[in-house]
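Data file: target.tsv. Format and content: TSV, C-alpha atoms.
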```
chain	number	residue	atom	x	y	z
A	1	MET	CA	6.59	-13.03	-18.38
A	2	ASN	CA	4.15	-15.08	-16.33
A	3	TYR	CA	3.73	-18.83	-16.26
A	4	TRP	CA	0.62	-20.99	-16.26
A	5	LEU	CA	-0.61	-24.54	-16.51
A	6	VAL	CA	-3.57	-25.59	-18.64
A	7	LYS	CA	-5.20	-28.99	-18.25
A	8	SER	CA	-6.91	-31.07	-20.87
A	9	GLU	CA	-8.05	-34.65	-21.07
A	10	PRO	CA	-6.06	-36.11	-23.97
A	11	PHE	CA	-9.08	-37.82	-25.53
A	12	LYS	CA	-10.77	-34.38	-25.75
A	13	TYR	CA	-7.77	-32.27	-26.76
A	14	SER	CA	-4.20	-33.53	-26.55
A	15	TRP	CA	-0.78	-31.95	-26.90
A	16	ASP	CA	-0.38	-33.80	-30.22
A	17	LYS	CA	-3.62	-32.24	-31.46
A	18	LEU	CA	-2.37	-28.77	-30.47
A	19	VAL	CA	0.87	-29.40	-32.37
A	20	LYS	CA	-1.11	-30.57	-35.41
A	21	ASP	CA	-3.51	-27.60	-35.21
A	22	LYS	CA	-0.63	-25.12	-34.64
A	23	GLN	CA	-2.96	-22.93	-32.53
A	24	THR	CA	-6.22	-23.26	-30.64
A	25	ILE	CA	-8.74	-21.34	-28.62
A	26	TRP	CA	-8.72	-22.25	-24.91
A	27	ASP	CA	-12.44	-22.04	-24.20
A	28	GLY	CA	-15.12	-23.66	-22.09
A	29	VAL	CA	-13.63	-22.62	-18.74
A	30	ARG	CA	-16.46	-22.28	-16.21
A	31	ASN	CA	-14.64	-21.66	-12.95
A	32	TYR	CA	-14.10	-18.10	-11.71
A	33	ALA	CA	-10.55	-18.68	-10.42
A	34	ALA	CA	-9.53	-20.30	-13.72
A	35	ARG	CA	-11.27	-17.48	-15.60
A	36	ASN	CA	-9.29	-14.93	-13.60
A	37	ASN	CA	-6.11	-16.73	-14.61
A	38	LEU	CA	-7.16	-16.51	-18.27
A	39	ARG	CA	-7.77	-12.79	-17.77
A	40	ALA	CA	-4.24	-12.36	-16.36
A	41	MET	CA	-2.52	-14.13	-19.26
A	42	LYS	CA	-0.47	-11.93	-21.56
A	43	LYS	CA	0.73	-12.56	-25.08
A	44	GLY	CA	4.01	-14.47	-24.90
A	45	ASP	CA	3.35	-16.06	-21.49
A	46	HIS	CA	4.21	-19.75	-21.27
A	47	CYS	CA	1.71	-22.44	-20.27
A	48	PHE	CA	2.58	-25.97	-19.29
A	49	PHE	CA	0.23	-28.34	-21.11
A	50	TYR	CA	-0.97	-31.02	-18.69
A	51	HIS	CA	-2.77	-34.22	-19.66
A	52	SER	CA	-5.40	-34.79	-16.99
A	53	ASN	CA	-7.30	-37.98	-16.07
A	54	GLU	CA	-5.30	-40.04	-18.56
A	55	GLY	CA	-1.54	-39.67	-18.32
A	56	LEU	CA	-1.47	-37.19	-15.43
A	57	CYS	CA	1.65	-35.42	-16.66
A	58	ILE	CA	3.04	-32.23	-18.13
A	59	VAL	CA	3.87	-32.95	-21.77
A	60	GLY	CA	4.70	-29.61	-23.38
A	61	ILE	CA	4.87	-25.85	-23.22
A	62	ALA	CA	2.39	-23.66	-25.07
A	63	LYS	CA	2.54	-19.92	-25.59
A	64	VAL	CA	-0.29	-17.41	-25.27
A	65	VAL	CA	-0.74	-15.91	-28.74
A	66	LYS	CA	-3.94	-13.93	-28.13
A	67	GLU	CA	-4.98	-12.39	-24.84
A	68	HIS	CA	-8.40	-12.88	-23.28
A	69	TYR	CA	-11.64	-12.22	-25.11
A	70	GLN	CA	-15.28	-13.26	-24.79
A	71	ASP	CA	-15.64	-17.05	-24.88
A	72	PRO	CA	-17.55	-17.75	-28.11
A	73	THR	CA	-19.08	-20.94	-26.67
A	74	THR	CA	-21.40	-18.91	-24.42
A	75	LYS	CA	-23.31	-15.65	-24.45
A	76	GLU	CA	-22.55	-15.10	-20.77
A	77	GLU	CA	-20.08	-12.20	-20.61
A	78	ALA	CA	-18.39	-13.60	-17.49
A	79	TRP	CA	-16.47	-16.26	-19.42
A	80	LEU	CA	-13.25	-15.73	-21.34
A	81	SER	CA	-10.94	-17.51	-23.75
A	82	VAL	CA	-7.34	-17.11	-24.87
A	83	ASP	CA	-5.53	-18.54	-27.87
A	84	ILE	CA	-2.48	-20.72	-27.37
A	85	ALA	CA	0.08	-22.30	-29.71
A	86	PRO	CA	2.64	-25.03	-29.11
A	87	HIS	CA	6.03	-23.70	-28.07
A	88	LYS	CA	8.07	-26.76	-27.08
A	89	ALA	CA	7.49	-30.45	-26.51
A	90	LEU	CA	9.18	-31.71	-23.38
A	91	LYS	CA	11.88	-34.37	-23.79
A	92	LYS	CA	10.65	-36.02	-20.61
A	93	HIS	CA	7.10	-35.83	-19.30
A	94	ILE	CA	6.77	-35.01	-15.62
A	95	SER	CA	4.09	-36.90	-13.76
A	96	LEU	CA	1.80	-35.68	-11.02
A	97	ALA	CA	3.49	-38.14	-8.64
A	98	GLU	CA	6.89	-36.56	-9.40
A	99	ILE	CA	5.45	-33.09	-8.87
A	100	LYS	CA	3.95	-34.05	-5.51
A	101	ALA	CA	7.25	-35.63	-4.40
A	102	ASP	CA	9.41	-32.63	-5.31
A	103	PRO	CA	9.96	-30.08	-2.49
A	104	VAL	CA	9.87	-27.13	-4.91
A	105	LEU	CA	6.70	-28.32	-6.67
A	106	LYS	CA	4.62	-29.97	-3.93
A	107	ASP	CA	2.65	-26.76	-3.28
A	108	MET	CA	1.85	-25.94	-6.90
A	109	GLN	CA	-1.73	-24.87	-7.59
A	110	LEU	CA	-1.96	-28.06	-9.68
A	111	VAL	CA	-1.60	-30.00	-6.42
A	112	ARG	CA	-3.41	-27.69	-4.00
A	113	LEU	CA	-6.29	-26.74	-6.31
A	114	SER	CA	-6.48	-29.93	-8.32
A	115	ARG	CA	-9.85	-29.18	-9.96
A	116	LEU	CA	-8.63	-25.88	-11.41
A	117	SER	CA	-8.26	-26.21	-15.20
A	118	VAL	CA	-6.06	-23.11	-15.60
A	119	SER	CA	-3.60	-22.43	-12.82
A	120	ALA	CA	-0.71	-20.09	-12.08
A	121	VAL	CA	2.87	-21.36	-11.93
A	122	THR	CA	5.61	-19.48	-10.11
A	123	LYS	CA	8.93	-18.73	-11.80
A	124	ALA	CA	10.69	-21.11	-9.38
A	125	GLU	CA	8.18	-23.89	-10.23
A	126	TYR	CA	8.57	-23.23	-13.95
A	127	GLU	CA	12.36	-23.40	-13.76
A	128	ARG	CA	12.28	-26.54	-11.62
A	129	ILE	CA	10.00	-28.33	-14.10
A	130	LEU	CA	12.35	-27.37	-16.93
A	131	GLU	CA	15.25	-28.85	-14.92
A	132	LEU	CA	13.36	-32.11	-14.37
A	133	THR	CA	12.27	-32.46	-17.98
A	134	SER	CA	15.55	-31.74	-19.77
```

Rendering of file as structure tokens:
Amino acid sequence: MNYWLVKSEPFKYSWDKLVKDKQTIWDGVRNYAARNNLRAMKKGDHCFFYHSNEGLCIVGIAKVVKEHYQDPTTKEEAWLSVDIAPHKALKKHISLAEIKADPVLKDMQLVRLSRLSVSAVTKAEYERILELTS
């Protein structure tokens, strides 16, 4: 299993909306590095759901339920989508400030490549976030 982080502004699409919808298409990604991460996602992989701009924290874990396919919001073949579903809400949200302050997490792609909307998470980072949020 691989681990990821997907970012969304809560006023556009929030964790609560994902829970209500039960599943959604993750589309509209227009960055090649983020697109490559979508391409690498496999069914069953976990994705931290991060509220960007407003909140600045990881709030839940989603699961990839459908692997990459052509993004239906564009005719350009370069862009992909995946489908995700809620897996688990986190008891405690972990803020960007906490992530930056933690020695295990300070080099996460979320921190180093802050504009990336879909980023990879290492197993050690994933496990550390679970420790901090339980």

Counting all atoms listed in the file, which residues in stretch 87-117 of chain A sit no more than 12 Å from stretch 8-12 of chain A? For each one, give the nearest pair of atoms and the distance in Å, sorted by chain then residue number, as a Markdown table.
```
| residue | atom | partner | partner_atom | distance |
| --- | --- | --- | --- | --- |
| A:Arg115 | CA | A:Ser8 | CA | 11.5 |
| A:Leu116 | CA | A:Ser8 | CA | 10.9 |
| A:Ser117 | CA | A:Ser8 | CA | 7.6 |
```

Looking at A:Lys91, A:Lys22, A:Lys100, A:His68, which one is nearest to A:Asn36, with distances taken over all atoms listed in the file? A:His68

Compare A:Asp102, A:Arg30, A:Thr24, A:Asp83 by their minimum atom-to-atom distance to A:Val65, counting only C-alpha atoms, and give me the closest one.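 Comparing A:Asp102, A:Arg30, A:Thr24, A:Asp83 against A:Val65, the winner is A:Asp83.
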
Pick out the closest residue to A:Tyr32 from this set: A:Leu113, A:Ala78, A:Ile94, A:Val104. Count all atoms listed in the file. A:Ala78

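The residue set within 12 Å of A:Arg128, counting all atoms listed in the file and dropping same-chain residues fewer than 6 places from it, reads A:Ile94, A:Glu98, A:Ile99, A:Asp102, A:Pro103, A:Val104, A:Leu105, A:Lys106, A:Met108, A:Val121, A:Thr122, A:Ser134.
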
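Straight-line separation from atom CA of A:Asn2 to atom CA of A:Asn37: 10.5 Å.
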
Calculated over only C-alpha atoms, which of the candidates A:Lys17, A:Lys43, A:Arg35, A:Arg112 has the smallest distance to A:Asp71?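 Using only C-alpha atoms, A:Asp71 sits closest to A:Arg35.
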
Go ahead and compute the interatomic distance for atom CA of A:Tyr3 and atom CA of A:Cys57, in Å to one decimal.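 Computed distance, atom CA of A:Tyr3 to atom CA of A:Cys57, equals 16.7 Å.
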
Six-sided padding of 6 Å per side, axis-aligned box over stretch 96-102 of chain A, centre and edges in Å, one decimal, as lines of an AutoDock Vina configuration file:
```
center_x = 5.6
center_y = -35.4
center_z = -7.7
size_x = 19.6
size_y = 17.5
size_z = 18.6
```

List the neighbours of stretch 58-61 of chain A out to 6 Å using all atoms listed in the file; skip same-chain residues closer than 2 positions along the sequence, and give me the result as a PyMOL selection string. chain A and resi 47-50+87-90+93-94

Between atom CA of A:Ala40 and atom CA of A:Ser119, what is the spacing in Å? 10.7 Å

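Among the candidate residues A:Ser81, A:Thr133, A:Ser14, A:Ser52, the one lying nearest to A:Trp26 is A:Ser81, with distances computed using all atoms listed in the file.
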
Can you patch up stretch 11-35 of chain A, filling it in to N, CA and C atoms, and show the result as an mmCIF file, in the coordinates of the input?
```cif
data_model
loop_
_atom_site.group_PDB
_atom_site.id
_atom_site.type_symbol
_atom_site.label_atom_id
_atom_site.label_comp_id
_atom_site.auth_asym_id
_atom_site.auth_seq_id
_atom_site.Cartn_x
_atom_site.Cartn_y
_atom_site.Cartn_z
ATOM 1 N N PHE A 11 -8.092 -37.336 -24.547
ATOM 2 C CA PHE A 11 -9.080 -37.820 -25.530
ATOM 3 C C PHE A 11 -9.951 -36.673 -26.042
ATOM 4 N N LYS A 12 -10.006 -35.552 -25.290
ATOM 5 C CA LYS A 12 -10.770 -34.380 -25.750
ATOM 6 C C LYS A 12 -9.890 -33.441 -26.572
ATOM 7 N N TYR A 13 -8.713 -33.125 -26.028
ATOM 8 C CA TYR A 13 -7.770 -32.270 -26.760
ATOM 9 C C TYR A 13 -6.382 -32.525 -26.201
ATOM 10 N N SER A 14 -5.526 -33.119 -27.000
ATOM 11 C CA SER A 14 -4.200 -33.530 -26.550
ATOM 12 C C SER A 14 -3.121 -32.562 -27.030
ATOM 13 N N TRP A 15 -1.939 -32.712 -26.459
ATOM 14 C CA TRP A 15 -0.780 -31.950 -26.900
ATOM 15 C C TRP A 15 -0.521 -32.210 -28.393
ATOM 16 N N ASP A 16 -0.609 -33.467 -28.807
ATOM 17 C CA ASP A 16 -0.380 -33.800 -30.220
ATOM 18 C C ASP A 16 -1.376 -33.089 -31.127
ATOM 19 N N LYS A 17 -2.607 -32.961 -30.679
ATOM 20 C CA LYS A 17 -3.620 -32.240 -31.460
ATOM 21 C C LYS A 17 -3.266 -30.756 -31.554
ATOM 22 N N LEU A 18 -2.790 -30.174 -30.436
ATOM 23 C CA LEU A 18 -2.370 -28.770 -30.470
ATOM 24 C C LEU A 18 -1.221 -28.585 -31.457
ATOM 25 N N VAL A 19 -0.254 -29.488 -31.439
ATOM 26 C CA VAL A 19 0.870 -29.400 -32.370
ATOM 27 C C VAL A 19 0.365 -29.488 -33.811
ATOM 28 N N LYS A 20 -0.553 -30.411 -34.061
ATOM 29 C CA LYS A 20 -1.110 -30.570 -35.410
ATOM 30 C C LYS A 20 -1.899 -29.316 -35.829
ATOM 31 N N ASP A 21 -2.695 -28.772 -34.893
ATOM 32 C CA ASP A 21 -3.510 -27.600 -35.210
ATOM 33 C C ASP A 21 -2.694 -26.308 -35.308
ATOM 34 N N LYS A 22 -1.526 -26.280 -34.673
ATOM 35 C CA LYS A 22 -0.630 -25.120 -34.640
ATOM 36 C C LYS A 22 -1.112 -23.975 -33.748
ATOM 37 N N GLN A 23 -2.384 -23.958 -33.420
ATOM 38 C CA GLN A 23 -2.960 -22.930 -32.530
ATOM 39 C C GLN A 23 -4.378 -23.351 -32.199
ATOM 40 N N THR A 24 -4.837 -22.961 -30.998
ATOM 41 C CA THR A 24 -6.220 -23.260 -30.640
ATOM 42 C C THR A 24 -6.756 -22.225 -29.679
ATOM 43 N N ILE A 25 -8.048 -22.160 -29.606
ATOM 44 C CA ILE A 25 -8.740 -21.340 -28.620
ATOM 45 C C ILE A 25 -8.855 -22.173 -27.336
ATOM 46 N N TRP A 26 -8.543 -21.572 -26.201
ATOM 47 C CA TRP A 26 -8.720 -22.250 -24.910
ATOM 48 C C TRP A 26 -10.031 -21.746 -24.340
ATOM 49 N N ASP A 27 -11.093 -22.486 -24.559
ATOM 50 C CA ASP A 27 -12.440 -22.040 -24.200
ATOM 51 C C ASP A 27 -13.112 -23.049 -23.278
ATOM 52 N N GLY A 28 -14.327 -22.746 -22.895
ATOM 53 C CA GLY A 28 -15.120 -23.660 -22.090
ATOM 54 C C GLY A 28 -14.808 -23.638 -20.607
ATOM 55 N N VAL A 29 -13.979 -22.719 -20.160
ATOM 56 C CA VAL A 29 -13.630 -22.620 -18.740
ATOM 57 C C VAL A 29 -14.819 -22.023 -17.986
ATOM 58 N N ARG A 30 -15.289 -22.735 -16.961
ATOM 59 C CA ARG A 30 -16.460 -22.280 -16.210
ATOM 60 C C ARG A 30 -16.181 -22.286 -14.704
ATOM 61 N N ASN A 31 -15.026 -21.816 -14.350
ATOM 62 C CA ASN A 31 -14.640 -21.660 -12.950
ATOM 63 C C ASN A 31 -14.070 -20.257 -12.824
ATOM 64 N N TYR A 32 -14.510 -19.505 -11.818
ATOM 65 C CA TYR A 32 -14.100 -18.100 -11.710
ATOM 66 C C TYR A 32 -12.604 -17.935 -11.470
ATOM 67 N N ALA A 33 -11.998 -18.788 -10.661
ATOM 68 C CA ALA A 33 -10.550 -18.680 -10.420
ATOM 69 C C ALA A 33 -9.771 -18.955 -11.708
ATOM 70 N N ALA A 34 -10.182 -19.989 -12.445
ATOM 71 C CA ALA A 34 -9.530 -20.300 -13.720
ATOM 72 C C ALA A 34 -9.759 -19.168 -14.717
ATOM 73 N N ARG A 35 -10.962 -18.616 -14.723
ATOM 74 C CA ARG A 35 -11.270 -17.480 -15.600
ATOM 75 C C ARG A 35 -10.376 -16.292 -15.277
#
```
